[in-house]
$ cat protein_10.cif   # mmCIF, C-alpha atoms and all ligand atoms
data_run
#
loop_
_atom_site.label_atom_id
_atom_site.label_comp_id
_atom_site.auth_asym_id
_atom_site.auth_seq_id
_atom_site.Cartn_x
_atom_site.Cartn_y
_atom_site.Cartn_z
CA MET U 918 203.55 -112.50 -177.09
CA SER U 919 203.39 -111.41 -180.70
CA PHE U 920 200.62 -109.53 -182.36
CA LYS U 921 199.83 -107.78 -185.58
CA THR U 922 200.82 -104.12 -185.51
CA VAL U 923 198.28 -101.58 -186.61
CA SER U 924 199.59 -99.85 -189.69
CA LYS U 925 200.84 -96.32 -189.27
CA SER U 926 198.70 -95.24 -192.21
CA SER U 927 195.55 -96.48 -190.48
CA ASP U 928 196.49 -94.49 -187.37
CA LYS U 929 197.16 -91.44 -189.48
CA LYS U 930 193.80 -91.76 -191.18
CA ASN U 931 192.01 -92.18 -187.87
CA ALA U 932 193.81 -89.22 -186.32
CA ARG U 933 192.95 -87.04 -189.29
CA TYR U 934 189.30 -88.04 -188.90
CA LEU U 935 189.35 -87.31 -185.17
CA VAL U 936 191.53 -84.23 -184.81
CA GLY U 937 191.95 -82.84 -188.34
CA LYS U 938 195.18 -81.56 -189.86
CA LEU U 939 198.13 -81.24 -187.52
CA LYS U 940 200.73 -79.64 -189.76
CA ASN U 941 200.86 -76.40 -187.75
CA PHE U 942 202.00 -78.22 -184.63
CA ASP U 943 205.56 -79.21 -183.77
CA PRO U 944 206.42 -82.93 -183.94
CA SER U 945 205.86 -83.71 -180.28
CA LEU U 946 202.46 -82.00 -180.25
CA GLN U 947 201.59 -83.84 -183.46
CA ALA U 948 202.48 -87.12 -181.74
CA TYR U 949 200.39 -86.07 -178.77
CA PHE U 950 197.29 -85.42 -180.86
CA MET U 951 198.02 -88.64 -182.79
CA LEU U 952 197.28 -90.49 -179.54
CA SER U 953 193.64 -89.97 -180.45
CA ALA U 954 193.92 -92.68 -183.13
CA CYS U 955 194.01 -95.50 -180.59
CA CYS U 956 190.32 -95.16 -179.72
CA LEU U 957 189.39 -96.36 -183.20
CA ARG U 958 191.77 -99.31 -183.26
CA PRO U 959 190.25 -102.77 -183.41
CA ARG U 960 189.53 -103.99 -179.89
CA GLN U 961 191.19 -107.39 -180.26
CA LEU U 962 194.63 -105.83 -180.09
CA PRO U 963 196.62 -106.64 -176.99
CA PRO U 964 196.02 -103.89 -174.49
CA ASP U 965 199.71 -103.13 -174.11
CA HIS U 966 200.05 -102.16 -177.75
CA SER U 967 202.12 -99.15 -178.69
CA PRO U 968 203.92 -98.24 -175.52
CA GLU U 969 205.78 -95.66 -177.62
CA LEU U 970 202.57 -93.70 -177.77
CA GLY U 971 202.01 -94.01 -174.07
CA LEU U 972 199.10 -96.40 -174.42
CA GLY U 973 198.58 -99.57 -172.51
CA THR U 974 196.86 -101.28 -169.67
CA GLY U 975 196.65 -100.19 -166.10
CA ASP U 976 194.78 -97.50 -164.30
CA LYS U 977 194.96 -93.85 -165.06
CA ILE U 978 197.90 -93.07 -162.91
CA GLY U 979 199.96 -95.86 -164.40
CA LYS U 980 200.39 -98.32 -161.55
CA THR U 981 201.12 -102.00 -162.08
CA ASP U 982 199.53 -104.73 -159.99
CA SER U 983 202.47 -104.54 -157.67
CA GLY U 984 201.89 -100.83 -157.25
CA LYS U 985 205.08 -99.81 -159.06
CA THR U 986 204.90 -97.27 -161.83
CA SER U 987 205.67 -98.81 -165.20
CA ASP U 988 206.50 -97.10 -168.50
CA LYS U 989 204.41 -99.65 -170.35
CA ASN U 990 201.42 -98.83 -168.20
CA ASN U 991 201.75 -95.10 -168.41
CA VAL U 992 198.36 -94.55 -169.90
CA LEU U 993 197.67 -90.94 -170.71
CA PHE U 994 194.28 -91.49 -172.30
CA MET U 995 192.02 -94.45 -171.70
CA PRO U 996 189.98 -95.21 -174.85
CA ARG U 997 186.33 -96.18 -174.60
CA CYS U 998 184.21 -98.25 -176.93
CA VAL U 999 183.22 -95.58 -179.39
CA PRO U 1000 179.69 -95.83 -180.77
CA VAL U 1001 179.10 -94.41 -184.24
CA VAL U 1002 176.14 -92.32 -183.16
CA GLY U 1003 176.82 -89.31 -180.98
CA ARG U 1004 180.46 -88.76 -181.89
CA GLN U 1005 181.72 -85.23 -182.19
CA THR U 1006 185.10 -85.24 -183.89
CA TYR U 1007 187.13 -82.07 -184.26
CA PRO U 1008 186.00 -81.50 -187.89
CA MET U 1009 182.36 -82.05 -186.82
CA TRP U 1010 182.73 -79.53 -184.01
CA LYS U 1011 184.39 -77.09 -186.39
CA GLY U 1012 181.48 -77.44 -188.79
CA VAL U 1013 178.96 -76.68 -186.06
CA VAL U 1014 180.70 -73.71 -184.47
CA SER U 1015 181.57 -72.09 -187.78
CA GLY U 1016 178.26 -72.92 -189.46
CA LEU U 1017 175.87 -71.32 -186.98
CA GLY U 1018 177.17 -67.84 -187.56
CA LEU U 1019 178.00 -67.54 -183.88
CA ILE U 1020 181.61 -66.98 -184.71
CA ARG U 1021 183.16 -65.11 -187.57
CA LYS U 1022 186.52 -66.06 -188.99
CA TRP U 1023 187.29 -68.21 -185.96
CA LYS U 1024 186.79 -65.40 -183.56
CA PHE U 1025 185.06 -66.80 -180.49
CA PRO U 1026 183.90 -64.56 -177.71
CA LYS U 1027 186.94 -64.17 -175.52
CA THR U 1028 185.28 -63.01 -172.32
CA LEU U 1029 183.83 -65.27 -169.69
CA MET U 1030 181.87 -63.62 -166.88
CA PHE U 1031 182.20 -65.71 -163.74
CA LEU U 1032 179.21 -64.73 -161.60
CA PRO U 1033 178.45 -66.15 -158.17
CA ILE U 1034 174.81 -65.07 -158.12
CA GLU U 1035 173.78 -66.11 -154.61
CA MET U 1036 175.10 -65.08 -151.22
CA LEU U 1037 177.30 -67.74 -149.69
CA PRO U 1038 177.38 -68.49 -145.97
CA GLU U 1039 180.25 -66.65 -144.29
CA SER U 1040 182.15 -69.90 -143.61
CA VAL U 1041 182.16 -70.76 -147.31
CA LYS U 1042 182.92 -67.23 -148.44
CA GLU U 1043 185.85 -67.00 -146.06
CA PHE U 1044 187.16 -70.49 -146.81
CA LYS U 1045 190.71 -69.94 -148.03
CA ILE U 1046 193.11 -71.93 -150.15
CA GLY U 1047 196.44 -70.38 -149.17
CA ASP U 1048 195.80 -66.67 -149.34
CA LYS U 1049 192.91 -66.98 -151.83
CA GLN U 1050 189.24 -66.99 -150.95
CA LEU U 1051 187.29 -69.82 -152.51
CA LEU U 1052 185.71 -67.83 -155.35
CA GLN U 1053 188.95 -66.07 -156.28
CA TRP U 1054 190.71 -69.43 -156.27
CA LEU U 1055 188.05 -70.82 -158.61
CA CYS U 1056 188.41 -67.82 -160.89
CA ASP U 1057 192.19 -68.30 -160.98
CA PHE U 1058 191.64 -71.91 -162.03
CA LEU U 1059 189.34 -70.84 -164.88
CA LYS U 1060 191.94 -68.33 -166.06
CA ILE U 1061 194.44 -71.15 -166.49
CA PHE U 1062 192.13 -73.88 -167.80
CA PHE U 1063 190.76 -71.41 -170.34
CA SER U 1064 194.05 -69.66 -171.02
CA GLU U 1065 193.73 -66.74 -173.46
CA MET U 1066 190.14 -66.18 -172.36
CA ASN U 1067 189.42 -63.05 -170.30
CA VAL U 1068 187.78 -64.30 -167.14
CA ASN U 1069 185.94 -61.50 -165.37
CA PHE U 1070 184.92 -62.22 -161.84
CA ALA U 1071 182.01 -60.07 -160.66
CA THR U 1072 180.02 -60.34 -157.45
CA ASN U 1073 177.54 -57.51 -157.99
CA TYR U 1074 174.96 -59.66 -159.77
CA ASN U 1075 172.36 -61.55 -157.84
CA LEU U 1076 169.32 -63.68 -158.28
CA SER U 1077 166.87 -61.02 -157.13
CA GLN U 1078 167.20 -59.54 -160.62
CA VAL U 1079 166.10 -62.79 -162.28
CA LYS U 1080 162.78 -64.58 -162.73
CA PHE U 1081 162.98 -68.34 -162.36
CA LYS U 1082 161.02 -71.36 -161.25
CA THR U 1083 161.80 -73.27 -158.07
CA ARG U 1084 160.55 -76.43 -156.40
CA TYR U 1085 161.14 -78.41 -153.22
CA HIS U 1086 162.51 -81.86 -153.94
CA SER U 1087 160.12 -84.58 -152.87
CA VAL U 1088 162.82 -86.67 -151.16
CA THR U 1089 165.31 -84.18 -149.77
CA GLY U 1090 162.78 -81.44 -149.13
CA LYS U 1091 165.40 -78.98 -150.34
CA LYS U 1092 164.80 -76.03 -152.60
CA GLN U 1093 165.94 -76.34 -156.21
CA ILE U 1094 166.09 -73.90 -159.11
CA LEU U 1095 165.08 -74.82 -162.66
CA VAL U 1096 168.44 -74.37 -164.34
CA SER U 1097 167.12 -73.62 -167.85
CA ASP U 1098 165.26 -70.59 -166.47
CA LEU U 1099 168.60 -69.21 -165.41
CA TYR U 1100 170.74 -69.88 -168.45
CA SER U 1101 168.12 -68.54 -170.81
CA SER U 1102 167.71 -65.23 -169.02
CA LEU U 1103 170.90 -64.19 -167.27
CA HIS U 1104 172.27 -62.07 -170.12
CA SER U 1105 169.09 -60.01 -170.37
CA SER U 1106 168.42 -59.87 -166.63
CA PHE U 1107 171.91 -58.62 -165.91
CA ASN U 1108 172.23 -56.54 -169.05
CA ILE U 1109 175.34 -58.40 -170.15
CA PRO U 1110 176.15 -58.34 -173.89
CA ARG U 1111 175.58 -61.63 -175.71
CA SER U 1112 179.15 -61.38 -176.92
CA ASN U 1113 180.24 -62.55 -173.45
CA TYR U 1114 179.90 -66.01 -172.03
CA ILE U 1115 178.42 -66.37 -168.55
CA LEU U 1116 179.33 -69.00 -165.98
CA ALA U 1117 177.06 -68.54 -162.97
CA LEU U 1118 177.42 -70.25 -159.61
CA THR U 1119 174.46 -70.84 -157.29
CA TRP U 1120 174.28 -71.92 -153.68
CA THR U 1121 170.84 -73.47 -154.16
CA ASP U 1122 170.73 -76.84 -155.90
CA LEU U 1123 169.58 -77.09 -159.51
CA TYR U 1124 167.22 -79.35 -161.43
CA PRO U 1125 167.05 -79.80 -165.22
CA THR U 1126 163.41 -80.84 -165.80
CA GLU U 1127 160.40 -81.82 -163.70
CA GLU U 1128 161.08 -85.52 -164.35
CA LEU U 1129 164.68 -85.40 -163.20
CA ASN U 1130 166.00 -85.12 -159.69
CA PHE U 1131 169.06 -83.04 -159.80
CA VAL U 1132 171.88 -81.60 -161.88
CA LEU U 1133 175.28 -80.33 -160.79
CA GLY U 1134 175.49 -77.94 -163.70
CA GLU U 1135 174.15 -77.33 -167.17
CA ALA U 1136 175.18 -75.20 -170.12
CA SER U 1137 173.54 -73.89 -173.24
CA TYR U 1138 175.78 -73.31 -176.21
CA SER U 1139 173.20 -71.18 -177.97
CA CYS U 1140 172.47 -69.07 -174.87
CA ARG U 1141 176.20 -68.77 -174.17
CA CYS U 1142 175.42 -69.34 -170.54
CA ALA U 1143 176.26 -72.08 -168.05
CA VAL U 1144 175.16 -72.49 -164.45
CA PHE U 1145 176.54 -74.77 -161.78
CA GLY U 1146 175.92 -75.25 -158.08
CA PHE U 1147 177.65 -76.63 -155.01
CA GLY U 1148 175.57 -79.78 -155.33
CA ARG U 1149 174.85 -80.11 -151.65
CA TYR U 1150 171.71 -82.22 -151.64
CA GLU U 1151 171.90 -84.66 -154.51
CA PRO U 1152 169.23 -87.34 -154.09
CA LYS U 1153 170.99 -90.66 -153.74
CA SER U 1154 169.67 -92.00 -157.00
CA TYR U 1155 169.32 -89.93 -160.13
CA VAL U 1156 166.07 -91.68 -160.82
CA SER U 1157 163.52 -91.88 -157.99
CA THR U 1158 163.61 -95.18 -156.16
CA PRO U 1159 161.33 -96.76 -153.56
CA ASP U 1160 164.05 -96.42 -150.92
CA GLY U 1161 164.33 -92.74 -151.67
CA ASP U 1162 163.08 -91.91 -148.19
CA ASN U 1163 166.37 -93.01 -146.74
CA ALA U 1164 168.46 -91.42 -149.43
CA ASN U 1165 169.44 -88.29 -147.59
CA LYS U 1166 169.29 -89.17 -143.95
CA GLY U 1167 171.36 -86.90 -141.83
CA ILE U 1168 171.00 -83.69 -143.78
CA THR U 1169 169.75 -81.25 -141.23
CA ASP U 1170 171.97 -78.23 -141.34
CA GLU U 1171 170.97 -75.94 -144.19
CA ASN U 1172 174.48 -74.63 -144.63
CA LYS U 1173 176.38 -77.82 -143.96
CA LEU U 1174 179.09 -78.37 -146.48
CA ALA U 1175 182.42 -80.10 -146.05
CA LEU U 1176 185.11 -77.59 -146.90
CA ASP U 1177 187.84 -79.88 -148.15
CA GLY U 1178 189.84 -81.09 -151.15
CA GLN U 1179 186.86 -83.04 -152.48
CA LEU U 1180 184.72 -79.89 -152.64
CA LEU U 1181 187.53 -78.07 -154.46
CA TRP U 1182 187.87 -80.94 -156.90
CA LYS U 1183 184.13 -81.00 -157.54
CA LEU U 1184 184.00 -77.27 -158.25
CA ILE U 1185 186.84 -77.23 -160.78
CA ARG U 1186 185.59 -80.41 -162.47
CA VAL U 1187 182.11 -79.04 -163.00
CA ALA U 1188 183.10 -75.44 -163.80
CA SER U 1189 185.54 -76.55 -166.52
CA HIS U 1190 183.15 -79.13 -167.98
CA GLU U 1191 180.26 -76.68 -168.26
CA THR U 1192 182.43 -73.92 -169.70
CA CYS U 1193 183.72 -76.29 -172.39
CA HIS U 1194 180.09 -76.81 -173.43
CA LEU U 1195 179.89 -73.05 -174.02
CA LEU U 1196 182.63 -73.44 -176.60
CA GLY U 1197 180.55 -76.02 -178.44
CA LEU U 1198 182.18 -79.16 -177.05
CA ASN U 1199 179.68 -82.02 -176.78
CA HIS U 1200 179.99 -84.95 -174.44
CA CYS U 1201 183.00 -87.09 -175.30
CA LEU U 1202 182.63 -90.73 -176.32
CA PHE U 1203 186.21 -91.36 -177.34
CA PHE U 1204 188.20 -91.49 -174.10
CA GLU U 1205 187.88 -91.10 -170.39
CA CYS U 1206 187.79 -87.36 -170.54
CA SER U 1207 186.64 -84.25 -168.74
CA MET U 1208 183.82 -84.05 -171.27
CA ASN U 1209 182.30 -87.44 -170.40
CA GLU U 1210 178.66 -87.27 -169.43
CA SER U 1211 177.90 -87.94 -165.77
CA LYS U 1212 174.64 -88.96 -164.17
CA SER U 1213 175.56 -88.35 -160.55
CA VAL U 1214 177.94 -86.33 -158.45
CA LYS U 1215 179.84 -89.51 -157.65
CA GLU U 1216 180.33 -90.27 -161.32
CA ALA U 1217 181.38 -86.68 -162.06
CA LEU U 1218 183.96 -86.79 -159.28
CA HIS U 1219 185.59 -89.89 -160.75
CA GLN U 1220 185.98 -88.47 -164.22
CA PRO U 1221 189.24 -86.83 -165.28
CA LEU U 1222 189.86 -83.12 -165.04
CA PHE U 1223 191.65 -83.10 -168.37
CA LEU U 1224 190.53 -83.26 -171.95
CA CYS U 1225 191.39 -86.10 -174.30
CA PRO U 1226 193.28 -85.18 -177.51
CA VAL U 1227 190.05 -84.81 -179.52
CA CYS U 1228 188.50 -82.39 -177.04
CA LEU U 1229 191.77 -80.56 -176.39
CA ARG U 1230 192.06 -79.91 -180.12
CA LYS U 1231 188.69 -78.14 -180.03
CA LEU U 1232 189.52 -76.09 -176.95
CA HIS U 1233 192.89 -75.15 -178.40
CA LYS U 1234 191.32 -74.03 -181.67
CA SER U 1235 188.83 -71.91 -179.72
CA LEU U 1236 191.40 -70.11 -177.59
CA GLY U 1237 194.84 -70.62 -179.14
CA PHE U 1238 196.82 -71.04 -175.93
CA ASP U 1239 200.29 -72.49 -175.52
CA ILE U 1240 199.52 -76.13 -174.69
CA ARG U 1241 202.70 -76.78 -172.67
CA GLN U 1242 202.50 -73.56 -170.75
CA ARG U 1243 198.86 -74.20 -169.85
CA TYR U 1244 199.65 -77.69 -168.57
CA ALA U 1245 202.58 -76.37 -166.53
CA GLN U 1246 200.42 -73.65 -164.97
CA LEU U 1247 197.67 -76.15 -164.20
CA ARG U 1248 200.24 -78.34 -162.52
CA ASP U 1249 201.46 -75.50 -160.29
CA PHE U 1250 197.90 -74.53 -159.45
CA LEU U 1251 196.89 -78.07 -158.48
CA GLN U 1252 200.10 -78.64 -156.54
CA ASN U 1253 199.49 -75.50 -154.52
CA THR U 1254 195.90 -76.56 -153.87
CA ASN U 1255 196.95 -80.06 -152.90
CA ASN U 1256 199.53 -78.63 -150.47
CA HIS U 1257 196.69 -77.01 -148.57
CA TYR U 1258 193.92 -79.60 -149.05
CA GLN U 1259 195.32 -83.00 -149.90
CA ASN U 1260 193.05 -85.01 -152.14
CA ASP U 1261 193.58 -88.21 -154.18
CA SER U 1262 192.06 -86.78 -157.35
CA LEU U 1263 194.25 -83.69 -157.17
CA GLN U 1264 197.27 -85.88 -156.57
CA ALA U 1265 196.45 -88.16 -159.53
CA SER U 1266 196.00 -85.12 -161.75
CA ILE U 1267 199.39 -83.74 -160.76
CA LEU U 1268 201.04 -87.07 -161.65
CA TRP U 1269 199.15 -87.11 -164.96
CA LEU U 1270 200.38 -83.61 -165.78
CA ASP U 1271 203.95 -84.59 -164.96
CA ARG U 1272 203.82 -87.45 -167.46
CA CYS U 1273 202.09 -85.30 -169.99
CA LEU U 1274 204.68 -82.54 -169.77
CA GLU U 1275 207.42 -85.14 -170.05
CA LYS U 1276 205.92 -86.43 -173.30
CA LEU U 1277 205.53 -82.94 -174.64
CA GLN U 1278 209.16 -82.00 -174.21
CA ILE U 1279 210.47 -80.53 -177.43
CA GLY U 1280 213.19 -82.49 -179.25
ZN ZN U 1301 177.97 -82.03 -169.84
ZN ZN U 1302 187.28 -86.01 -174.95
#
$ encode --input "protein_10.cif" --output "structure tokens"
Amino acid sequence: MSFKTVSKSSDKKNARYLVGKLKNFDPSLQAYFMLSACCLRPRQLPPDHSPELGLGTGDKIGKTDSGKTSDKNNVLFMPRCVPVVGRQTYPMWKGVVSGLGLIRKWKFPKTLMFLPIEMLPESVKEFKIGDKQLLQWLCDFLKIFFSEMNVNFATNYNLSQVKFKTRYHSVTGKKQILVSDLYSSLHSSFNIPRSNYILALTWTDLYPTEELNFVLGEASYSCRCAVFGFGRYEPKSYVSTPDGDNANKGITDENKLALDGQLLWKLIRVASHETCHLLGLNHCLFFECSMNESKSVKEALHQPLFLCPVCLRKLHKSLGFDIRQRYAQLRDFLQNTNNHYQNDSLQASILWLDRCLEKLQIG
């Protein structure tokens, strides 16, 4: 099958629009960020175009119909149909974060306070991944995902110091906390300087507004504070439905929570997504990406753990880590986790990182 090749100059122009200038990166990192250009290519192109850039058909872990891994189908980033409205390219992000006076000379706050602010049941607190307790394990993940950020893990803060609104959900009957009450007041309630970011973890479920049912986590860029929960009692539908009465049958044990690979996956997915919001990253419309918006726990669980090239460019500019080293450390972390709690999403992420590191080899 023959097809018209997209001109290199058009790709270059698109990449410049999406990820800005790349001259400070080595050639293989430049090629990596250039992958962003494909999301703006005309849609009529054959889907297996440009295998040299690692783009093509197939699912995210690069399997053919026969189940065999194929080079041509080694998709690193799956483009989406990109609407004009709502895009946040790297230059747009740069304009926002540098224009609000929240940073000076590209100096972002470099400290993230990770604060579990509610007591966890003993079984959850003592749940170990290898020799690490759950919260320490989560903190270790944040230290790698946000390499070059100081992640301070403190357990001496709790909700009794904070004023906030709660409600009991009409379908599940479970208590929920109004998340905006938390993110707008945690710095002052805990006497934490505004120069630090806060990522707080609750045991109680969260809700975003009276009209909405549930939220796994939420972040405020201007408040420099994000909050996420374990998401134990999500109503089946995000919007109330007539069959809502049956939505959460079977939930009887207040502390019931499956301690498994899926829980671990959920926690790192949400914690990393919300913390990226603190750095000014909006929801991503370009690729299947960690920064995609999700409207349910199920949807959030199916989204990637990793950032697309556009979003990675923003995170990298914020923190200045070594991209290869970070990916390699993430790989080791996930492999270790998967050794203890096998999970398909963890496994797919490890395979993705392998391919990624292969493409990023120097020379
Ligand atoms: Zn979000
Ligand atoms: Zn993205």
$ atom_distance --input "protein_10.cif" --atom1 "CA of Trp1054 in chain U" --atom2 "CA of Lys1215 in chain U"
22.9 Å
$ residues_near_ligand --input "protein_10.cif" --ligand "ligand ZN 1302 (chain U)" --cutoff "6 Å" --atoms "all atoms listed in the file" --output "JSON, numbers by chain"
{"U": [1201, 1203, 1204, 1206, 1208, 1224, 1225, 1227, 1228]}
$ residues_near_point --input "protein_10.cif" --point "(168.2, -64.4, -171.3)" --cutoff "12 Å" --atoms "all atoms listed in the file" --output "VMD selection string"
chain U and resid 1078 to 1081 1097 to 1111 1114 to 1115 1137 1139 to 1143
$ residues_around --input "protein_10.cif" --residues "range 1005-1012 of chain U" --least-positions-apart "3" --cutoff "10 Å" --atoms "all atoms listed in the file" --output "number ranges by chain"
U: 932-938, 1001-1002, 1015-1017, 1023, 1196-1203, 1226-1232, 1234-1235
$ residues_around --input "protein_10.cif" --residues "range 1058-1061 of chain U" --least-positions-apart "4" --cutoff "10 Å" --atoms "all atoms listed in the file" --output "JSON, numbers by chain"
{"U": [1029, 1031, 1052, 1053, 1054, 1065, 1066, 1067, 1068, 1069, 1185, 1188, 1189, 1192, 1238, 1242, 1243, 1244, 1245, 1246, 1247, 1250, 1251]}
$ residues_near_ligand --input "protein_10.cif" --ligand "ligand ZN 1301 (chain U)" --cutoff "8 Å" --atoms "only C-alpha atoms and all ligand atoms" --output "list in words"
Gly1134, Glu1135, Ala1136, His1190, Glu1191, His1194, Asn1199, His1200, Met1208, Asn1209, Glu1210 and Ser1211 of chain U
$ residues_around --input "protein_10.cif" --residues "Phe1145 in chain U" --least-positions-apart "2" --cutoff "9 Å" --atoms "only C-alpha atoms" --output "PDB file with C-alpha atoms, in the frame of the given file"
ATOM      1  CA  VAL U1096     168.440 -74.370-164.340  1.00  0.00           C
ATOM      2  CA  LEU U1116     179.330 -69.000-165.980  1.00  0.00           C
ATOM      3  CA  ALA U1117     177.060 -68.540-162.970  1.00  0.00           C
ATOM      4  CA  LEU U1118     177.420 -70.250-159.610  1.00  0.00           C
ATOM      5  CA  THR U1119     174.460 -70.840-157.290  1.00  0.00           C
ATOM      6  CA  TRP U1120     174.280 -71.920-153.680  1.00  0.00           C
ATOM      7  CA  ASP U1122     170.730 -76.840-155.900  1.00  0.00           C
ATOM      8  CA  LEU U1123     169.580 -77.090-159.510  1.00  0.00           C
ATOM      9  CA  VAL U1132     171.880 -81.600-161.880  1.00  0.00           C
ATOM     10  CA  LEU U1133     175.280 -80.330-160.790  1.00  0.00           C
ATOM     11  CA  GLY U1134     175.490 -77.940-163.700  1.00  0.00           C
ATOM     12  CA  GLU U1135     174.150 -77.330-167.170  1.00  0.00           C
ATOM     13  CA  ALA U1136     175.180 -75.200-170.120  1.00  0.00           C
ATOM     14  CA  ALA U1143     176.260 -72.080-168.050  1.00  0.00           C
ATOM     15  CA  PHE U1147     177.650 -76.630-155.010  1.00  0.00           C
ATOM     16  CA  GLY U1148     175.570 -79.780-155.330  1.00  0.00           C
ATOM     17  CA  LEU U1184     184.000 -77.270-158.250  1.00  0.00           C
ATOM     18  CA  VAL U1187     182.110 -79.040-163.000  1.00  0.00           C
ATOM     19  CA  ALA U1188     183.100 -75.440-163.800  1.00  0.00           C
ATOM     20  CA  GLU U1191     180.260 -76.680-168.260  1.00  0.00           C
TER      21      GLU U1191
END
$ closest_residue --input "protein_10.cif" --among "U:Lys929, U:Arg1149, U:Lys1091, U:Lys1049" --to "Cys955 in chain U" --atoms "all atoms listed in the file"
U:Lys929
$ atom_distance --input "protein_10.cif" --atom1 "CA of Leu957 in chain U" --atom2 "CA of Asn931 in chain U"
6.8 Å
$ atom_distance --input "protein_10.cif" --atom1 "CA of Asp1048 in chain U" --atom2 "CA of His1257 in chain U"
10.4 Å
$ residues_around --input "protein_10.cif" --residues "Gln1264 in chain U" --least-positions-apart "4" --cutoff "8 Å" --atoms "all atoms listed in the file" --output "JSON, numbers by chain"
{"U": [1252, 1255, 1259, 1260, 1268]}
$ write_last_selection --input "protein_10.cif" --atoms "C-alpha atoms" --output "mmCIF file, in the coordinates of the input"
data_model
loop_
_atom_site.group_PDB
_atom_site.id
_atom_site.type_symbol
_atom_site.label_atom_id
_atom_site.label_comp_id
_atom_site.auth_asym_id
_atom_site.auth_seq_id
_atom_site.Cartn_x
_atom_site.Cartn_y
_atom_site.Cartn_z
ATOM 1 C CA GLN U 1252 200.100 -78.640 -156.540
ATOM 2 C CA ASN U 1255 196.950 -80.060 -152.900
ATOM 3 C CA GLN U 1259 195.320 -83.000 -149.900
ATOM 4 C CA ASN U 1260 193.050 -85.010 -152.140
ATOM 5 C CA LEU U 1268 201.040 -87.070 -161.650
#
$ axis_aligned_box --input "protein_10.cif" --around "range 1145-1148 of chain U" --padding-each-side "4 Å" --output "lines of an AutoDock Vina configuration file"
center_x = 176.6
center_y = -77.3
center_z = -158.4
size_x = 10.1
size_y = 13.0
size_z = 14.8
$ closest_residue --input "protein_10.cif" --among "U:Lys1027, U:Arg1004, U:Lys1212, U:Lys940" --to "Cys956 in chain U" --atoms "all atoms listed in the file"
U:Arg1004
$ closest_residue --input "protein_10.cif" --among "U:Val1144, U:Leu946, U:Leu952, U:Leu1051" --to "Leu1095 in chain U" --atoms "all atoms listed in the file"
U:Val1144
$ closest_residue --input "protein_10.cif" --among "U:Glu1216, U:Asp1177, U:Ile1267, U:Asn1073" --to "Asn1253 in chain U" --atoms "only C-alpha atoms"
U:Ile1267
$ closest_residue --input "protein_10.cif" --among "U:Leu1236, U:Ala954, U:Leu1195, U:Met995" --to "Gln1220 in chain U" --atoms "only C-alpha atoms"
U:Met995
$ closest_residue --input "protein_10.cif" --among "U:Val999, U:Tyr1150, U:Leu1037, U:Phe994" --to "Tyr949 in chain U" --atoms "all atoms listed in the file"
U:Phe994
$ build_atoms --input "protein_10.cif" --residues "range 1189-1200 of chain U" --atoms "N, CA and C atoms" --output "CSV table (one decimal), in the coordinates of the input"
chain,number,residue,atom,x,y,z
U,1189,SER,N,184.8,-76.4,-165.2
U,1189,SER,CA,185.5,-76.6,-166.5
U,1189,SER,C,184.7,-77.3,-167.5
U,1190,HIS,N,184.0,-78.3,-167.1
U,1190,HIS,CA,183.2,-79.1,-168.0
U,1190,HIS,C,182.1,-78.2,-168.6
U,1191,GLU,N,181.4,-77.5,-167.8
U,1191,GLU,CA,180.3,-76.7,-168.3
U,1191,GLU,C,180.8,-75.6,-169.2
U,1192,THR,N,181.9,-75.0,-168.8
U,1192,THR,CA,182.4,-73.9,-169.7
U,1192,THR,C,182.9,-74.5,-171.1
U,1193,CYS,N,183.4,-75.7,-171.1
U,1193,CYS,CA,183.7,-76.3,-172.4
U,1193,CYS,C,182.5,-76.4,-173.3
U,1194,HIS,N,181.3,-76.7,-172.6
U,1194,HIS,CA,180.1,-76.8,-173.4
U,1194,HIS,C,179.8,-75.5,-174.1
U,1195,LEU,N,180.1,-74.4,-173.4
U,1195,LEU,CA,179.9,-73.0,-174.0
U,1195,LEU,C,180.7,-72.9,-175.3
U,1196,LEU,N,181.8,-73.5,-175.4
U,1196,LEU,CA,182.6,-73.4,-176.6
U,1196,LEU,C,182.2,-74.5,-177.7
U,1197,GLY,N,181.1,-75.1,-177.4
U,1197,GLY,CA,180.6,-76.0,-178.4
U,1197,GLY,C,181.0,-77.5,-178.3
U,1198,LEU,N,181.7,-77.8,-177.2
U,1198,LEU,CA,182.2,-79.2,-177.0
U,1198,LEU,C,181.0,-80.0,-176.5
U,1199,ASN,N,180.7,-81.1,-177.2
U,1199,ASN,CA,179.7,-82.0,-176.8
U,1199,ASN,C,180.3,-83.0,-175.8
U,1200,HIS,N,179.5,-83.9,-175.3
U,1200,HIS,CA,180.0,-85.0,-174.4
U,1200,HIS,C,180.9,-85.9,-175.3
